[in-house]
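Asker: Got a file for you: input-v7.txt, compact mmCIF, C-alpha atoms.
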# COMPACT_ATOMS: atom_id res chain seq x y z
CA MET B 1 0.00 0.00 0.00
CA SER B 2 1.39 3.42 -0.89
CA THR B 3 1.85 6.08 1.78
CA SER B 4 -0.86 8.22 0.16
CA GLN B 5 -3.39 5.46 0.83
CA ARG B 6 -2.60 5.10 4.52
CA PRO B 7 -5.30 6.62 6.70
CA PRO B 8 -4.17 9.44 8.99
CA THR B 9 -3.87 7.96 12.49
CA HIS B 10 -3.47 11.25 14.37
CA ALA B 11 -6.13 13.46 12.77
CA PRO B 12 -8.70 14.26 15.49
CA GLN B 13 -11.55 14.72 13.04
CA PRO B 14 -12.03 13.75 9.39
CA PRO B 15 -12.46 16.64 6.94
CA ALA B 16 -15.89 18.23 7.11
CA ALA B 17 -16.27 17.91 3.34
CA LEU B 18 -15.73 14.14 3.61
CA THR B 19 -18.22 13.59 6.43
CA SER B 20 -20.78 15.79 4.70
CA GLY B 21 -20.25 13.89 1.46
CA LEU B 22 -20.56 10.52 3.19
CA ARG B 23 -23.81 11.61 4.77
CA ARG B 24 -25.22 12.44 1.33
CA LEU B 25 -23.88 9.22 -0.20
CA LEU B 26 -25.36 7.06 2.55
CA ARG B 27 -28.79 8.67 2.58
CA PRO B 28 -30.33 6.63 -0.28
CA LEU B 29 -28.82 3.46 1.19
CA VAL B 30 -30.30 4.23 4.62
CA ARG B 31 -33.64 4.86 2.90
CA LEU B 32 -33.44 1.39 1.35
CA MET B 33 -32.53 -0.19 4.69
CA VAL B 34 -35.37 1.49 6.55
CA ALA B 35 -37.79 0.43 3.82
CA ARG B 36 -36.58 -3.18 4.11
CA GLY B 37 -36.59 -3.37 7.91
CA ILE B 38 -32.85 -3.15 8.52
CA THR B 39 -32.33 -1.22 11.74
CA TYR B 40 -29.41 0.85 12.99
CA PRO B 41 -28.25 -1.77 15.56
CA TYR B 42 -28.21 -4.43 12.84
CA LEU B 43 -26.26 -2.18 10.48
CA SER B 44 -23.86 -1.23 13.29
CA ASP B 45 -23.01 -4.89 13.88
CA LEU B 46 -22.63 -5.47 10.15
CA LEU B 47 -20.28 -2.48 9.80
CA LYS B 48 -18.17 -3.61 12.72
CA GLY B 49 -17.22 -6.79 10.89
CA LEU B 50 -16.71 -4.91 7.63
CA PHE B 51 -14.39 -2.32 9.21
CA VAL B 52 -12.26 -5.16 10.58
CA GLU B 53 -12.25 -6.96 7.22
CA VAL B 54 -11.17 -3.85 5.27
CA ALA B 55 -8.53 -2.77 7.80
CA ASP B 56 -7.10 -6.30 7.75
CA ALA B 57 -7.12 -6.87 3.98
CA ASP B 58 -6.61 -3.42 2.42
CA PHE B 59 -4.19 -1.63 4.75
CA ARG B 60 -1.32 -4.07 5.05
CA ILE B 61 2.28 -2.83 5.15
CA ASP B 62 4.68 -4.73 2.86
CA GLY B 63 2.07 -7.42 2.48
CA GLN B 64 2.18 -8.37 6.16
CA ALA B 65 -1.07 -9.03 8.01
CA PRO B 66 -1.61 -6.31 10.65
CA THR B 67 -1.80 -7.16 14.31
CA ASP B 68 -5.11 -7.05 16.15
CA SER B 69 -3.93 -3.85 17.81
CA ARG B 70 -3.29 -2.13 14.47
CA VAL B 71 -6.65 -3.28 13.07
CA SER B 72 -8.26 -1.89 16.22
CA LEU B 73 -6.40 1.41 15.76
CA LEU B 74 -7.43 1.75 12.11
CA SER B 75 -11.03 0.61 12.52
CA GLY B 76 -11.94 1.86 15.99
CA VAL B 77 -13.28 -1.64 16.82
CA HIS B 78 -12.31 -2.97 20.26
CA ARG B 79 -9.38 -5.38 20.15
CA LYS B 80 -11.43 -8.23 21.69
CA ASP B 81 -13.97 -7.90 18.89
CA VAL B 82 -11.20 -7.67 16.30
CA SER B 83 -9.75 -10.99 17.42
CA ARG B 84 -13.17 -12.66 17.32
CA LEU B 85 -14.22 -11.20 13.97
CA ARG B 86 -10.95 -12.01 12.21
CA GLY B 87 -11.53 -15.67 12.96
CA LEU B 88 -14.90 -15.71 11.23
CA ASP B 89 -15.72 -16.54 7.65
CA PRO B 90 -17.22 -13.40 6.01
CA ALA B 91 -20.56 -15.20 5.71
CA GLU B 92 -20.48 -15.89 9.47
CA ALA B 93 -19.79 -12.22 10.24
CA VAL B 94 -23.36 -11.26 9.35
CA PRO B 95 -25.02 -10.07 12.58
CA ALA B 96 -26.98 -12.66 14.50
CA SER B 97 -29.43 -10.04 15.72
CA VAL B 98 -32.65 -10.00 13.71
CA PRO B 99 -34.84 -6.89 13.21
CA LEU B 100 -38.16 -6.94 15.06
CA THR B 101 -40.21 -7.18 11.86
CA ALA B 102 -38.37 -10.36 10.84
CA GLN B 103 -38.70 -11.86 14.33
CA VAL B 104 -42.46 -11.29 14.45
CA PHE B 105 -42.87 -12.63 10.92
CA ALA B 106 -40.74 -15.72 11.70
CA ARG B 107 -42.78 -16.62 14.78
CA TRP B 108 -46.13 -16.00 13.10
CA VAL B 109 -45.19 -18.13 10.08
CA GLY B 110 -42.87 -20.67 11.70
CA ASP B 111 -44.44 -21.45 15.09
CA ALA B 112 -47.25 -24.01 14.92
CA ALA B 113 -49.04 -22.23 17.76
CA TRP B 114 -49.65 -19.26 15.45
CA ARG B 115 -50.76 -21.28 12.38
CA ASN B 116 -53.98 -23.01 11.45
CA ARG B 117 -54.36 -26.71 10.56
CA ARG B 118 -53.30 -26.02 6.99
CA GLY B 119 -50.09 -24.40 8.20
CA GLN B 120 -51.18 -20.87 7.29
CA PRO B 121 -50.61 -17.90 9.63
CA LEU B 122 -53.70 -17.34 11.78
CA PRO B 123 -55.67 -14.10 11.50
CA LEU B 124 -55.04 -12.51 14.91
CA PRO B 125 -57.39 -10.31 16.93
CA ARG B 126 -55.72 -6.91 17.08
CA LEU B 127 -55.88 -6.51 20.87
CA ALA B 128 -55.15 -8.86 23.75
CA SER B 129 -58.52 -7.90 25.18
CA GLY B 130 -60.13 -9.63 22.20
CA GLY B 131 -57.75 -12.55 21.62
CA GLY B 132 -55.73 -13.02 24.78
CA GLU B 133 -52.48 -14.88 24.20
CA ARG B 134 -53.35 -15.42 20.53
CA SER B 135 -53.61 -11.76 19.56
CA PHE B 136 -51.35 -9.54 17.49
CA GLU B 137 -50.67 -7.50 20.60
CA ALA B 138 -49.52 -10.61 22.47
CA LEU B 139 -47.42 -11.80 19.52
CA VAL B 140 -45.42 -8.58 19.36
CA SER B 141 -45.18 -8.11 23.14
CA GLY B 142 -43.86 -11.66 23.49
CA ILE B 143 -40.87 -10.74 21.33
CA SER B 144 -40.15 -7.15 22.38
CA THR B 145 -41.54 -4.63 24.81
CA ASP B 146 -39.45 -1.80 23.34
CA ILE B 147 -41.91 -1.14 20.49
CA ARG B 148 -45.64 -0.81 21.11
CA PRO B 149 -47.66 -3.30 19.01
CA ARG B 150 -49.78 -0.45 17.64
CA VAL B 151 -46.68 1.25 16.22
CA LEU B 152 -45.61 -1.94 14.42
CA LEU B 153 -49.16 -2.55 13.20
CA ASP B 154 -49.45 0.95 11.72
CA GLU B 155 -46.14 0.47 9.94
CA TRP B 156 -47.14 -2.94 8.56
CA LEU B 157 -50.50 -1.61 7.40
CA ASP B 158 -48.75 1.24 5.61
CA ARG B 159 -46.37 -1.18 3.87
CA GLY B 160 -49.12 -3.62 2.92
CA LEU B 161 -47.66 -6.44 5.01
CA VAL B 162 -50.95 -6.94 6.86
CA VAL B 163 -54.62 -6.00 6.46
CA LEU B 164 -57.45 -5.68 8.97
CA ASP B 165 -60.55 -7.74 8.20
CA ASP B 166 -64.14 -6.89 9.15
CA GLN B 167 -63.64 -8.62 12.52
CA ASP B 168 -60.72 -6.34 13.43
CA ARG B 169 -58.29 -9.21 12.96
CA VAL B 170 -54.76 -8.68 11.66
CA CYS B 171 -54.18 -10.84 8.56
CA LEU B 172 -50.61 -11.43 7.40
CA GLN B 173 -49.94 -10.93 3.68
CA THR B 174 -47.12 -13.44 3.37
CA GLN B 175 -46.50 -12.72 -0.32
CA ALA B 176 -45.66 -9.11 0.54
CA LEU B 177 -42.76 -10.21 2.75
CA LEU B 178 -41.15 -12.59 0.27
CA PRO B 179 -38.88 -11.08 -2.38
CA SER B 180 -39.92 -11.90 -5.92
CA ALA B 181 -37.55 -13.21 -8.55
CA ALA B 182 -37.70 -9.79 -10.20
CA GLU B 183 -36.65 -8.10 -6.95
CA ASP B 184 -33.80 -10.58 -6.46
CA GLU B 185 -32.54 -9.74 -9.95
CA LYS B 186 -32.83 -6.00 -9.27
CA LEU B 187 -30.89 -6.45 -6.02
CA HIS B 188 -28.14 -8.33 -7.84
CA TYR B 189 -27.58 -5.49 -10.29
CA PHE B 190 -28.06 -2.87 -7.57
CA VAL B 191 -25.14 -4.35 -5.64
CA HIS B 192 -23.00 -5.01 -8.72
CA GLN B 193 -23.37 -1.55 -10.23
CA LEU B 194 -23.13 0.52 -7.07
CA HIS B 195 -20.16 -1.47 -5.80
CA ASP B 196 -18.18 -1.09 -9.01
CA HIS B 197 -18.92 2.62 -9.35
CA ALA B 198 -18.06 3.27 -5.69
CA ALA B 199 -14.89 1.17 -5.99
CA ALA B 200 -13.77 3.09 -9.09
CA ALA B 201 -14.50 6.49 -7.52
CA THR B 202 -12.78 5.51 -4.25
CA HIS B 203 -9.72 4.30 -6.14
CA ASN B 204 -9.56 7.60 -8.02
CA LEU B 205 -9.91 9.61 -4.81
CA LEU B 206 -7.16 7.67 -3.00
CA GLY B 207 -4.75 7.89 -5.93
CA GLY B 208 -3.30 5.50 -8.47
CA GLU B 209 -3.98 5.08 -12.17
CA PRO B 210 -7.49 6.56 -12.54
CA HIS B 211 -10.50 4.65 -13.77
CA PHE B 212 -12.71 6.43 -16.28
CA ASP B 213 -15.43 8.16 -14.24
CA ARG B 214 -17.23 11.09 -15.83
CA CYS B 215 -20.73 12.54 -15.68
CA VAL B 216 -22.75 15.43 -17.06
CA HIS B 217 -25.25 17.35 -14.96
CA ALA B 218 -27.28 20.55 -15.15
CA ASP B 219 -30.05 22.38 -13.33
CA GLY B 220 -32.51 25.10 -14.32
CA LEU B 221 -34.47 22.63 -16.45
CA THR B 222 -38.19 22.05 -16.92
CA SER B 223 -39.88 18.65 -16.71
CA ALA B 224 -40.18 18.68 -20.49
CA ASP B 225 -36.44 19.38 -20.82
CA VAL B 226 -35.66 16.44 -18.54
CA GLN B 227 -37.88 14.14 -20.60
CA VAL B 228 -35.95 15.07 -23.77
CA LEU B 229 -32.63 14.38 -22.04
CA ARG B 230 -33.87 11.11 -20.54
CA GLU B 231 -34.82 9.79 -23.97
CA LEU B 232 -31.48 10.92 -25.42
CA ALA B 233 -29.64 9.17 -22.58
CA ARG B 234 -31.66 6.00 -23.14
CA THR B 235 -31.02 5.76 -26.87
CA GLN B 236 -27.39 6.86 -26.98
CA GLY B 237 -26.51 5.12 -23.72
CA LEU B 238 -27.92 1.85 -25.02
CA GLN B 239 -25.90 2.21 -28.21
CA THR B 240 -22.71 2.62 -26.16
CA LEU B 241 -23.48 -0.40 -23.98
CA LEU B 242 -24.26 -2.58 -27.00
CA ALA B 243 -21.02 -1.51 -28.72
CA LEU B 244 -18.97 -2.37 -25.61
CA ASN B 245 -20.76 -5.71 -25.26
CA ASP B 246 -20.11 -6.61 -28.90
CA GLU B 247 -16.41 -5.80 -28.52
CA ALA B 248 -16.16 -7.77 -25.26
CA GLN B 249 -17.71 -10.79 -26.98
CA ARG B 250 -15.27 -10.47 -29.89
CA LEU B 251 -12.27 -10.29 -27.56
CA GLN B 252 -13.45 -13.30 -25.55
CA ALA B 253 -13.93 -15.34 -28.72
CA ALA B 254 -10.44 -14.43 -29.94
CA HIS B 255 -8.64 -16.22 -27.10
CA GLY B 256 -11.23 -18.55 -25.60
CA PRO B 257 -12.48 -18.76 -22.02
CA GLU B 258 -9.71 -21.17 -20.83
CA THR B 259 -6.87 -18.72 -21.47
CA PRO B 260 -4.88 -18.44 -18.17
CA GLU B 261 -4.46 -14.68 -18.56
CA ALA B 262 -8.21 -14.13 -18.98
CA ARG B 263 -8.86 -13.21 -15.35
CA GLU B 264 -9.96 -9.58 -15.65
CA ARG B 265 -13.49 -8.19 -15.64
CA PHE B 266 -14.89 -4.74 -16.37
CA THR B 267 -18.08 -2.77 -15.81
CA LEU B 268 -19.34 0.25 -17.71
CA GLY B 269 -22.51 1.71 -16.27
CA ILE B 270 -24.81 4.44 -17.53
CA TYR B 271 -27.56 5.89 -15.38
CA PHE B 272 -29.94 8.83 -15.49
CA TYR B 273 -31.39 10.56 -12.43
CA ASN B 274 -33.47 13.68 -11.94
CA GLU B 275 -35.21 15.37 -9.01
CA PRO B 276 -36.47 18.83 -8.08
CA VAL B 277 -33.87 21.26 -6.76
CA ASP B 278 -34.30 22.24 -3.13
CA PRO B 279 -34.51 26.07 -3.18
CA ARG B 280 -33.02 26.26 0.32
CA THR B 281 -29.83 24.37 -0.47
CA GLY B 282 -29.58 24.53 -4.26
CA GLY B 283 -29.26 20.75 -4.29
CA GLY B 284 -31.49 17.71 -4.30
CA SER B 285 -33.20 16.12 -1.33
CA SER B 286 -31.87 12.59 -1.79
In structure tokens, what does this structure look like?
Answerer:
Amino acid sequence: MSTSQRPPTHAPQPPAALTSGLRRLLRPLVRLMVARGITYPYLSDLLKGLFVEVADADFRIDGQAPTDSRVSLLSGVHRKDVSRLRGLDPAEAVPASVPLTAQVFARWVGDAAWRNRRGQPLPLPRLASGGGERSFEALVSGISTDIRPRVLLDEWLDRGLVVLDDQDRVCLQTQALLPSAAEDEKLHYFVHQLHDHAAAATHNLLGGEPHFDRCVHADGLTSADVQVLRELARTQGLQTLLALNDEAQRLQAAHGPETPEARERFTLGIYFYNEPVDPRTGGGSS
């Protein structure tokens, strides 16, 4: 690792521009996590393992694995946790804690006491006063007393995860909680594209031979203007992607897939985004 890539170990605070930028970068990701029931404690545990992994793998000196103390210094993770996390397979480092929504769903669907004879989740009376120990209120309270059942119910109703029937029973919409094949595919490309763009931009920021990373942006446009530009981006962007794909296929065919040197991959992404400008800040809200 070059000296320019080593993180400053004595700076009391990171640059304000960096922290402000990170806050803006993370906002759409936090929006996704909140929408999918991933809470701050869960993310905090996930990040702890990731900080250890990156400090261990990406900030070695002369190729030597850093000590637990150095990983702790770089990551801010306690040395006891560093030692434990370094011994885990990355797949095992996923937090064991489960968000409340997932816990309630798992019990309602997986526990025979909360299912009917056909194995389907029971419709539950909303209040314990109407259903006792087999009510939605009792189900939630049996897992956590930190969140009032009414708060969780309102959230689930808003997200379409449950409905109330004419008997004031809470009915679980199991299909709403299960990702569809289309959503799985979207998630695959979401991760692939954002990771590669972020990796290229981070590499360029930290130094080294730069990856191509350019964009065009403008404000002061009408909705009609944006529609014209969106269509132009779609047609010309697609032409570029098809041309790159054709050339990649030609190059692959020229040497065959078993060539020992054929171990590189590439990504070229094109995206279009628009939103209203916030008059208070001059920027967008996302």
Asker: Report, in Å with one decimal, the straight-line distance from CA of Ser83 in chain B to CA of Leu47 in chain B.
Answerer: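 That distance, rounded to one decimal, is 15.5 Å.
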Asker: Between B:Gln193, B:Ser141, B:Ser223, B:Ser135, which one has atoms that come closest to Tyr271 in chain B, using all atoms listed in the file?
Answerer: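 That would be B:Gln193, the residue with the smallest distance to Tyr271 in chain B.
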Asker: Which residues come within 12 Å of Asp154 in chain B, counting all atoms listed in the file, excluding same-chain residues fewer than 6 positions away, as a list in words?
Answerer: Arg126, Ile147, Arg148, Gly160, Leu161, Val162, Val163, Leu164 and Val170 of chain B
Asker: Work out how far CA of Gln120 in chain B is from CA of Val34 in chain B, in Å to one decimal.
Answerer: 27.4 Å
Asker: Can you work out the spacing between CA of Arg169 in chain B and CA of Thr145 in chain B in Å, to one decimal?
Answerer: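 Result for CA of Arg169 in chain B versus CA of Thr145 in chain B: 21.0 Å, one decimal.
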Asker: Which one is closest to Val82 in chain B: B:Leu50, B:Ala112, B:Ala248, B:Ala16? Count only C-alpha atoms.
Answerer: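 For Val82 in chain B, the nearest of the given residues is B:Leu50.
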Asker: I'd like to know which of B:Gly119, B:Gly237, B:Gly220, B:Pro149 is closest to Asp278 in chain B, using only C-alpha atoms.
Answerer: B:Gly220
